[in-house]
Amino acid sequence: MVRYDKSTADKGSRYVEDRRDGRRGRMGGGGARRGGVAVGGLGGLLIILLGAIFGLDLTGGGGGLGAPVDAGFGESAGQIPSSGTEIVDPDADTKEFMEFLMFDIQDTWDAYFDQAGSVYQPTTLVIFDDVVSTGCGQATSAVGPFYCPAPNDQKVYVDFSFYTELSRRFGAPGDFAQAYVIAHEVGHHIQSIIGISDEVRRAQAQDPANKNEYSIRQELQADCLAGVWAHSANRRLTEETGQPIIEPGDINEGLEAAAAVGDDRIQAQAGMTVEPHTWTHGSSEQRIRWFRIGFDDGDPEQCDTFSVDNP
């Protein structure tokens, strides 16, 4: 179980937007903490290596959106809470945990960007039921948690019912499994603001035969970036109790979640033939391995999934 201070969750409330059942939620996370984001610094090596692989000029502006929302975590069935004069939120604890996560994950990346001489532009987590409108178009809970990279959006989306699916259907219970999901999606935000996502879409357009390969490498990099956050969190103590944020066993929950959403396991569980050429997110072994690389090293520069022969 992940330990955290309520005060930390309160700080993170500005990064959570609640759109469930039409309720008015807290809006936040729109602007950078210290101005606009600067491409370069953190991830500079990744961008250089990406250019070497794709043969592209990575110093120019971003291209068109061109890609659908990320549907990397299977399906989920939305549930609309009944309305009334007084709404009791059955997911209040989960929401508070998400607020803590959004603050802690982004505070970690803010420190990394600052150390690299750059600035970090935070994202927002949107909580929704069933259907949500995004800058990438309308999406349903069936796509699972996702990140919309559209310039007028750049937010993470999740229907809490997915966590039930993650536990019951995919066999990955626990709050750290939930944390892995959010840290992975924020990893996509990192890719977006430093230019990697745009270049992947360009590469896919220029080399459609390898579109899935580029997608897998991008997803595995997001897994690695989630591991980088876990490495940082593993070294912190709560202010109130002085206990570690991450307890023994939490990392195993994250590894189980990474394995649970591997393309091979999802295909096998669905009774399908395991066909690697159809994968878009990578195998269970790949997802575990890259999360481990990020967790063990704690260095975003080690998350270069684009320059290795067999990620």
# chains A, B, ... in the order shown; residues from 1 in each chain; ligands from 1
call {"tool": "residues_around", "arguments": {"residues": "stretch 154-161 of chain A", "least_positions_apart": "4", "cutoff": "6 Å", "atoms": "only C-alpha atoms", "output": "PyMOL selection string"}}
result
chain A and resi 78+123-129+141+145-150
call {"tool": "write_last_selection", "arguments": {"atoms": "C-alpha atoms", "output": "compact mmCIF listing (two decimals), in the first residue's frame"}}
result
# COMPACT_ATOMS: atom_id res chain seq x y z
CA GLY A 78 -18.18 2.64 -17.12
CA THR A 123 -0.67 17.88 -17.21
CA THR A 124 -4.14 17.26 -15.77
CA LEU A 125 -5.90 14.00 -14.94
CA VAL A 126 -9.51 13.95 -16.11
CA ILE A 127 -11.81 11.52 -14.29
CA PHE A 128 -14.87 10.53 -16.31
CA ASP A 129 -17.71 8.01 -16.56
CA SER A 141 -14.22 4.00 -21.17
CA PRO A 145 -6.82 5.04 -19.55
CA PHE A 146 -5.25 7.24 -22.23
CA TYR A 147 -3.38 10.46 -22.90
CA CYS A 148 -4.51 12.95 -25.52
CA PRO A 149 -1.49 14.72 -27.09
CA ALA A 150 -3.51 17.35 -28.98
call {"tool": "select_by_dssp", "arguments": {"residues": "stretch 100-306 of chain A", "states": "helix (DSSP H, G or I)", "output": "CSV table (one decimal) with N, CA and C atoms, in the first residue's frame"}}
result
chain,number,residue,atom,x,y,z
A,100,PHE,N,-2.9,12.8,-5.0
A,100,PHE,CA,-1.6,12.6,-4.5
A,100,PHE,C,-0.6,12.2,-5.6
A,101,LEU,N,-1.0,11.2,-6.4
A,101,LEU,CA,-0.2,10.7,-7.5
A,101,LEU,C,0.1,11.8,-8.5
A,102,MET,N,-0.9,12.6,-8.9
A,102,MET,CA,-0.6,13.6,-9.9
A,102,MET,C,0.3,14.7,-9.4
A,103,PHE,N,0.3,15.0,-8.1
A,103,PHE,CA,1.2,15.9,-7.5
A,103,PHE,C,2.6,15.3,-7.5
A,104,ASP,N,2.7,14.1,-6.9
A,104,ASP,CA,4.0,13.5,-6.7
A,104,ASP,C,4.7,13.2,-8.0
A,105,ILE,N,4.0,12.6,-9.0
A,105,ILE,CA,4.6,12.3,-10.2
A,105,ILE,C,5.1,13.5,-10.9
A,106,GLN,N,4.3,14.6,-10.9
A,106,GLN,CA,4.7,15.8,-11.6
A,106,GLN,C,5.8,16.6,-10.9
A,107,ASP,N,5.7,16.5,-9.6
A,107,ASP,CA,6.8,17.2,-8.8
A,107,ASP,C,8.1,16.5,-9.1
A,108,THR,N,8.1,15.2,-9.3
A,108,THR,CA,9.3,14.4,-9.7
A,108,THR,C,9.8,14.9,-11.0
A,109,TRP,N,8.9,15.0,-12.0
A,109,TRP,CA,9.4,15.4,-13.3
A,109,TRP,C,9.8,16.9,-13.3
A,110,ASP,N,9.2,17.7,-12.5
A,110,ASP,CA,9.6,19.1,-12.4
A,110,ASP,C,11.0,19.2,-12.0
A,111,ALA,N,11.4,18.3,-11.0
A,111,ALA,CA,12.8,18.3,-10.5
A,111,ALA,C,13.8,17.9,-11.6
A,112,TYR,N,13.4,16.8,-12.3
A,112,TYR,CA,14.2,16.3,-13.4
A,112,TYR,C,14.5,17.4,-14.5
A,113,PHE,N,13.4,18.0,-14.9
A,113,PHE,CA,13.5,19.1,-15.9
A,113,PHE,C,14.4,20.2,-15.4
A,114,ASP,N,14.1,20.6,-14.1
A,114,ASP,CA,14.9,21.7,-13.6
A,114,ASP,C,16.4,21.4,-13.5
A,115,GLN,N,16.7,20.2,-13.1
A,115,GLN,CA,18.1,19.7,-13.1
A,115,GLN,C,18.7,19.7,-14.5
A,141,SER,N,-15.0,4.7,-22.2
A,141,SER,CA,-14.2,4.0,-21.2
A,141,SER,C,-13.7,2.7,-21.7
A,142,ALA,N,-14.2,2.2,-22.9
A,142,ALA,CA,-13.7,1.0,-23.5
A,142,ALA,C,-12.3,1.1,-23.9
A,143,VAL,N,-11.7,2.3,-24.1
A,143,VAL,CA,-10.3,2.4,-24.6
A,143,VAL,C,-9.4,2.3,-23.4
A,161,SER,N,-13.6,2.8,-13.2
A,161,SER,CA,-14.1,1.4,-13.3
A,161,SER,C,-13.0,0.5,-14.0
A,162,PHE,N,-12.0,1.2,-14.6
A,162,PHE,CA,-10.9,0.4,-15.2
A,162,PHE,C,-10.1,-0.3,-14.1
A,163,TYR,N,-10.0,0.3,-12.9
A,163,TYR,CA,-9.2,-0.3,-11.9
A,163,TYR,C,-9.8,-1.6,-11.4
A,164,THR,N,-11.2,-1.7,-11.5
A,164,THR,CA,-11.8,-2.9,-11.2
A,164,THR,C,-11.5,-4.0,-12.2
A,165,GLU,N,-11.4,-3.6,-13.5
A,165,GLU,CA,-11.0,-4.5,-14.5
A,165,GLU,C,-9.6,-4.9,-14.3
A,166,LEU,N,-8.7,-4.0,-14.0
A,166,LEU,CA,-7.3,-4.3,-13.8
A,166,LEU,C,-7.1,-5.3,-12.7
A,167,SER,N,-7.9,-5.3,-11.7
A,167,SER,CA,-7.8,-6.2,-10.6
A,167,SER,C,-8.5,-7.6,-11.0
A,168,ARG,N,-9.7,-7.5,-11.4
A,168,ARG,CA,-10.5,-8.7,-11.6
A,168,ARG,C,-10.2,-9.4,-12.9
A,175,ASP,N,-3.0,-0.6,-5.0
A,175,ASP,CA,-2.9,0.9,-5.4
A,175,ASP,C,-1.6,1.2,-6.2
A,176,PHE,N,-0.6,0.4,-6.0
A,176,PHE,CA,0.6,0.7,-6.8
A,176,PHE,C,0.4,0.3,-8.3
A,177,ALA,N,-0.5,-0.7,-8.5
A,177,ALA,CA,-0.8,-1.0,-9.9
A,177,ALA,C,-1.6,0.2,-10.5
A,178,GLN,N,-2.4,0.8,-9.7
A,178,GLN,CA,-3.1,2.0,-10.2
A,178,GLN,C,-2.1,3.1,-10.5
A,179,ALA,N,-1.1,3.2,-9.6
A,179,ALA,CA,-0.1,4.3,-9.7
A,179,ALA,C,0.7,4.1,-11.0
A,180,TYR,N,1.0,2.8,-11.3
A,180,TYR,CA,1.8,2.5,-12.6
A,180,TYR,C,1.0,3.0,-13.8
A,181,VAL,N,-0.3,2.8,-13.8
A,181,VAL,CA,-1.1,3.2,-14.9
A,181,VAL,C,-1.0,4.7,-15.1
A,182,ILE,N,-1.2,5.5,-14.0
A,182,ILE,CA,-1.1,6.9,-14.2
A,182,ILE,C,0.3,7.4,-14.5
A,183,ALA,N,1.3,6.8,-13.9
A,183,ALA,CA,2.7,7.2,-14.2
A,183,ALA,C,3.0,6.9,-15.7
A,184,HIS,N,2.5,5.8,-16.2
A,184,HIS,CA,2.7,5.5,-17.6
A,184,HIS,C,2.1,6.5,-18.5
A,185,GLU,N,0.9,6.9,-18.2
A,185,GLU,CA,0.2,8.0,-19.1
A,185,GLU,C,0.9,9.3,-18.9
A,186,VAL,N,1.4,9.7,-17.7
A,186,VAL,CA,2.1,10.9,-17.6
A,186,VAL,C,3.4,10.8,-18.4
A,187,GLY,N,4.0,9.5,-18.5
A,187,GLY,CA,5.1,9.3,-19.4
A,187,GLY,C,4.8,9.7,-20.8
A,188,HIS,N,3.6,9.5,-21.3
A,188,HIS,CA,3.2,9.9,-22.6
A,188,HIS,C,3.2,11.4,-22.7
A,189,HIS,N,2.9,12.1,-21.6
A,189,HIS,CA,2.9,13.5,-21.6
A,189,HIS,C,4.3,14.0,-21.7
A,190,ILE,N,5.3,13.4,-21.0
A,190,ILE,CA,6.7,13.8,-21.2
A,190,ILE,C,7.1,13.6,-22.6
A,191,GLN,N,6.7,12.5,-23.2
A,191,GLN,CA,7.1,12.3,-24.7
A,191,GLN,C,6.5,13.4,-25.5
A,192,SER,N,5.3,13.8,-25.2
A,192,SER,CA,4.6,14.9,-26.0
A,192,SER,C,5.3,16.2,-25.9
A,193,ILE,N,5.7,16.6,-24.7
A,193,ILE,CA,6.2,18.0,-24.5
A,193,ILE,C,7.6,18.1,-24.9
A,196,ILE,N,9.0,13.9,-28.7
A,196,ILE,CA,9.1,12.5,-29.2
A,196,ILE,C,7.8,12.0,-29.8
A,197,SER,N,6.7,12.3,-29.3
A,197,SER,CA,5.4,11.8,-29.8
A,197,SER,C,5.2,12.3,-31.2
A,198,ASP,N,5.5,13.6,-31.5
A,198,ASP,CA,5.4,14.1,-32.9
A,198,ASP,C,6.3,13.4,-33.8
A,199,GLU,N,7.5,13.1,-33.4
A,199,GLU,CA,8.4,12.4,-34.3
A,199,GLU,C,8.0,11.0,-34.6
A,200,VAL,N,7.5,10.3,-33.6
A,200,VAL,CA,7.0,9.0,-33.8
A,200,VAL,C,5.9,9.0,-34.8
A,201,ARG,N,5.0,9.9,-34.7
A,201,ARG,CA,3.9,10.0,-35.7
A,201,ARG,C,4.4,10.3,-37.1
A,202,ARG,N,5.4,11.1,-37.2
A,202,ARG,CA,6.0,11.4,-38.5
A,202,ARG,C,6.6,10.1,-39.1
A,203,ALA,N,7.4,9.4,-38.2
A,203,ALA,CA,8.0,8.2,-38.6
A,203,ALA,C,7.0,7.2,-39.1
A,204,GLN,N,5.9,7.1,-38.4
A,204,GLN,CA,4.9,6.1,-38.8
A,204,GLN,C,4.2,6.5,-40.1
A,205,ALA,N,4.1,7.8,-40.4
A,205,ALA,CA,3.5,8.2,-41.6
A,205,ALA,C,4.5,7.9,-42.8
A,206,GLN,N,5.8,8.1,-42.5
A,206,GLN,CA,6.8,7.8,-43.6
A,206,GLN,C,7.1,6.4,-43.8
A,208,PRO,N,5.0,3.3,-42.9
A,208,PRO,CA,3.8,2.7,-42.3
A,208,PRO,C,4.0,1.2,-42.1
A,209,ALA,N,4.9,0.5,-42.8
A,209,ALA,CA,5.1,-0.9,-42.6
A,209,ALA,C,5.6,-1.2,-41.2
A,210,ASN,N,6.2,-0.2,-40.6
A,210,ASN,CA,6.8,-0.4,-39.2
A,210,ASN,C,6.0,0.4,-38.2
A,211,LYS,N,4.8,0.8,-38.5
A,211,LYS,CA,4.0,1.6,-37.6
A,211,LYS,C,3.9,1.0,-36.2
A,212,ASN,N,3.6,-0.3,-36.2
A,212,ASN,CA,3.4,-1.0,-34.9
A,212,ASN,C,4.7,-1.0,-34.1
A,213,GLU,N,5.8,-1.2,-34.8
A,213,GLU,CA,7.1,-1.2,-34.1
A,213,GLU,C,7.4,0.1,-33.4
A,214,TYR,N,7.1,1.2,-34.1
A,214,TYR,CA,7.3,2.6,-33.5
A,214,TYR,C,6.4,2.7,-32.3
A,215,SER,N,5.2,2.2,-32.4
A,215,SER,CA,4.2,2.3,-31.3
A,215,SER,C,4.7,1.6,-30.1
A,216,ILE,N,5.2,0.3,-30.3
A,216,ILE,CA,5.7,-0.5,-29.2
A,216,ILE,C,6.8,0.2,-28.5
A,217,ARG,N,7.8,0.8,-29.3
A,217,ARG,CA,8.9,1.4,-28.6
A,217,ARG,C,8.5,2.7,-27.8
A,218,GLN,N,7.5,3.4,-28.3
A,218,GLN,CA,7.0,4.5,-27.6
A,218,GLN,C,6.3,4.1,-26.3
A,219,GLU,N,5.5,3.0,-26.3
A,219,GLU,CA,4.8,2.5,-25.1
A,219,GLU,C,5.8,2.0,-24.1
A,220,LEU,N,6.9,1.3,-24.6
A,220,LEU,CA,7.9,0.8,-23.6
A,220,LEU,C,8.6,1.9,-23.0
A,221,GLN,N,8.9,3.0,-23.7
A,221,GLN,CA,9.5,4.1,-23.1
A,221,GLN,C,8.7,4.7,-22.1
A,222,ALA,N,7.3,4.8,-22.3
A,222,ALA,CA,6.4,5.3,-21.2
A,222,ALA,C,6.5,4.4,-20.0
A,223,ASP,N,6.6,3.1,-20.2
A,223,ASP,CA,6.8,2.2,-19.1
A,223,ASP,C,8.0,2.5,-18.3
A,224,CYS,N,9.1,2.7,-19.0
A,224,CYS,CA,10.4,3.1,-18.4
A,224,CYS,C,10.3,4.4,-17.6
A,225,LEU,N,9.6,5.4,-18.2
A,225,LEU,CA,9.5,6.6,-17.5
A,225,LEU,C,8.6,6.5,-16.2
A,226,ALA,N,7.7,5.6,-16.3
A,226,ALA,CA,6.9,5.3,-15.1
A,226,ALA,C,7.8,4.7,-14.0
A,227,GLY,N,8.8,3.9,-14.4
A,227,GLY,CA,9.8,3.3,-13.5
A,227,GLY,C,10.7,4.3,-12.9
A,228,VAL,N,11.0,5.4,-13.7
A,228,VAL,CA,11.8,6.5,-13.2
A,228,VAL,C,11.1,7.2,-12.0
A,229,TRP,N,9.8,7.4,-12.2
A,229,TRP,CA,9.1,8.0,-11.1
A,229,TRP,C,9.1,7.1,-9.9
A,230,ALA,N,8.9,5.8,-10.1
A,230,ALA,CA,8.8,4.8,-9.0
A,230,ALA,C,10.2,4.8,-8.2
A,231,HIS,N,11.3,4.9,-9.0
A,231,HIS,CA,12.6,5.0,-8.4
A,231,HIS,C,12.7,6.2,-7.4
A,232,SER,N,12.2,7.3,-7.9
A,232,SER,CA,12.2,8.6,-7.1
A,232,SER,C,11.3,8.4,-5.8
A,233,ALA,N,10.1,7.9,-6.0
A,233,ALA,CA,9.1,7.7,-4.9
A,233,ALA,C,9.7,6.7,-3.9
A,250,ASP,N,5.1,-3.2,-3.1
A,250,ASP,CA,4.4,-2.2,-4.0
A,250,ASP,C,5.0,-2.4,-5.5
A,251,ILE,N,6.3,-2.5,-5.5
A,251,ILE,CA,6.9,-2.6,-6.9
A,251,ILE,C,6.4,-3.9,-7.6
A,252,ASN,N,6.3,-4.9,-6.8
A,252,ASN,CA,5.7,-6.2,-7.5
A,252,ASN,C,4.3,-5.9,-8.0
A,253,GLU,N,3.5,-5.1,-7.4
A,253,GLU,CA,2.2,-4.7,-7.9
A,253,GLU,C,2.4,-4.0,-9.2
A,254,GLY,N,3.3,-3.1,-9.3
A,254,GLY,CA,3.6,-2.4,-10.6
A,254,GLY,C,4.0,-3.4,-11.7
A,255,LEU,N,4.9,-4.3,-11.3
A,255,LEU,CA,5.4,-5.3,-12.3
A,255,LEU,C,4.3,-6.2,-12.8
A,256,GLU,N,3.4,-6.6,-11.8
A,256,GLU,CA,2.3,-7.4,-12.2
A,256,GLU,C,1.3,-6.7,-13.2
A,257,ALA,N,1.1,-5.4,-12.9
A,257,ALA,CA,0.3,-4.6,-13.8
A,257,ALA,C,0.9,-4.5,-15.2
A,258,ALA,N,2.2,-4.2,-15.2
A,258,ALA,CA,2.9,-4.2,-16.5
A,258,ALA,C,2.8,-5.5,-17.3
A,259,ALA,N,2.9,-6.6,-16.6
A,259,ALA,CA,2.8,-7.9,-17.2
A,259,ALA,C,1.3,-8.1,-17.7
A,260,ALA,N,0.4,-7.7,-16.9
A,260,ALA,CA,-1.0,-7.9,-17.2
A,260,ALA,C,-1.5,-7.3,-18.5
A,263,ASP,N,0.7,-7.2,-24.6
A,263,ASP,CA,-0.1,-7.6,-25.7
A,263,ASP,C,-0.3,-9.2,-25.8
A,264,ASP,N,0.8,-9.9,-25.5
A,264,ASP,CA,0.7,-11.3,-25.6
A,264,ASP,C,-0.3,-11.9,-24.6
A,265,ARG,N,-0.2,-11.4,-23.3
A,265,ARG,CA,-1.1,-11.9,-22.3
A,265,ARG,C,-2.6,-11.5,-22.6
A,266,ILE,N,-2.8,-10.3,-23.1
A,266,ILE,CA,-4.2,-9.9,-23.5
A,266,ILE,C,-4.7,-10.8,-24.6
A,267,GLN,N,-3.9,-11.1,-25.6
A,267,GLN,CA,-4.4,-12.0,-26.7
A,267,GLN,C,-4.7,-13.4,-26.2
A,268,ALA,N,-3.8,-13.9,-25.3
A,268,ALA,CA,-3.9,-15.2,-24.8
A,268,ALA,C,-5.2,-15.3,-23.9
A,269,GLN,N,-5.4,-14.3,-23.1
A,269,GLN,CA,-6.5,-14.3,-22.2
A,269,GLN,C,-7.8,-14.2,-23.0
A,276,PRO,N,2.7,-11.6,-32.6
A,276,PRO,CA,3.6,-10.4,-32.3
A,276,PRO,C,3.4,-9.3,-33.4
A,277,HIS,N,3.2,-9.7,-34.6
A,277,HIS,CA,3.1,-8.6,-35.6
A,277,HIS,C,1.9,-7.7,-35.5
A,278,THR,N,1.0,-8.1,-34.6
A,278,THR,CA,-0.2,-7.2,-34.4
A,278,THR,C,0.0,-6.4,-33.1
A,284,SER,N,4.5,-8.8,-22.3
A,284,SER,CA,4.6,-8.7,-20.8
A,284,SER,C,6.0,-8.6,-20.4
A,285,GLU,N,6.9,-9.5,-21.0
A,285,GLU,CA,8.3,-9.4,-20.6
A,285,GLU,C,8.9,-8.1,-21.0
A,286,GLN,N,8.6,-7.5,-22.1
A,286,GLN,CA,9.2,-6.2,-22.5
A,286,GLN,C,8.7,-5.1,-21.5
A,287,ARG,N,7.4,-5.1,-21.2
A,287,ARG,CA,6.9,-4.1,-20.3
A,287,ARG,C,7.5,-4.1,-18.9
A,288,ILE,N,7.7,-5.4,-18.4
A,288,ILE,CA,8.3,-5.5,-17.1
A,288,ILE,C,9.7,-5.0,-17.2
A,289,ARG,N,10.4,-5.5,-18.2
A,289,ARG,CA,11.9,-5.1,-18.3
A,289,ARG,C,12.1,-3.6,-18.4
A,290,TRP,N,11.3,-2.9,-19.2
A,290,TRP,CA,11.6,-1.5,-19.3
A,290,TRP,C,11.1,-0.7,-18.1
A,291,PHE,N,10.1,-1.2,-17.4
A,291,PHE,CA,9.7,-0.6,-16.1
A,291,PHE,C,10.9,-0.8,-15.1
A,292,ARG,N,11.4,-1.9,-15.1
A,292,ARG,CA,12.6,-2.3,-14.3
A,292,ARG,C,13.8,-1.4,-14.6
A,293,ILE,N,14.1,-1.1,-15.8
A,293,ILE,CA,15.2,-0.3,-16.2
A,293,ILE,C,15.0,1.1,-15.6
A,294,GLY,N,13.8,1.6,-15.7
A,294,GLY,CA,13.6,3.0,-15.2
A,294,GLY,C,13.6,3.0,-13.7
A,295,PHE,N,13.1,1.9,-13.0
A,295,PHE,CA,13.1,1.8,-11.6
A,295,PHE,C,14.5,1.6,-11.0
A,296,ASP,N,15.3,0.8,-11.7
A,296,ASP,CA,16.6,0.5,-11.2
A,296,ASP,C,17.6,1.6,-11.3
A,297,ASP,N,17.5,2.3,-12.5
A,297,ASP,CA,18.5,3.4,-12.8
A,297,ASP,C,18.0,4.7,-12.3
A,300,PRO,N,16.1,9.1,-16.7
A,300,PRO,CA,15.3,9.1,-18.0
A,300,PRO,C,16.2,8.8,-19.2
A,301,GLU,N,17.4,9.1,-19.2
A,301,GLU,CA,18.3,8.9,-20.4
A,301,GLU,C,18.5,7.4,-20.7
A,302,GLN,N,18.2,6.6,-19.7
A,302,GLN,CA,18.3,5.1,-19.9
A,302,GLN,C,17.0,4.5,-20.6
call {"tool": "select_by_dssp", "arguments": {"residues": "stretch 87-299 of chain A", "states": "strand (DSSP E or B)", "output": "tab-separated table (two decimals) with C-alpha atoms, in the first residue's frame"}}
result
chain	number	residue	atom	x	y	z
A	125	LEU	CA	-5.90	14.00	-14.94
A	126	VAL	CA	-9.51	13.95	-16.11
A	127	ILE	CA	-11.81	11.52	-14.29
A	131	VAL	CA	-17.88	8.88	-22.38
A	132	VAL	CA	-15.68	11.97	-22.52
A	133	SER	CA	-14.95	14.69	-25.06
A	134	THR	CA	-11.27	15.40	-25.64
A	137	GLY	CA	-12.25	13.47	-30.22
A	138	GLN	CA	-14.88	11.66	-28.20
A	139	ALA	CA	-13.68	8.58	-26.29
A	140	THR	CA	-15.38	5.92	-24.21
A	146	PHE	CA	-5.25	7.24	-22.23
A	147	TYR	CA	-3.38	10.46	-22.90
A	148	CYS	CA	-4.51	12.95	-25.52
A	155	LYS	CA	-4.40	15.59	-20.52
A	156	VAL	CA	-4.60	12.10	-19.02
A	157	TYR	CA	-8.02	10.42	-18.91
A	158	VAL	CA	-9.27	7.56	-16.74
A	237	LEU	CA	9.34	9.51	3.22
A	244	PRO	CA	8.58	5.35	3.10
call {"tool": "closest_residue", "arguments": {"among": "A:Ala172, A:Met98, A:Ala92, A:Ile194", "to": "A:Ser118", "atoms": "only C-alpha atoms"}}
result
A:Ile194
call {"tool": "atom_distance", "arguments": {"atom1": "atom CA of A:Asp10", "atom2": "atom CA of A:Tyr120"}}
result
20.3 Å
call {"tool": "closest_residue", "arguments": {"among": "A:Cys136, A:Arg20, A:Tyr15, A:Cys303", "to": "A:Pro122", "atoms": "only C-alpha atoms"}}
result
A:Tyr15
call {"tool": "atom_distance", "arguments": {"atom1": "atom CA of A:Asp299", "atom2": "atom CA of A:Thr280"}}
result
24.6 Å
call {"tool": "atom_distance", "arguments": {"atom1": "atom CA of A:Thr273", "atom2": "atom CA of A:Arg169"}}
result
18.7 Å
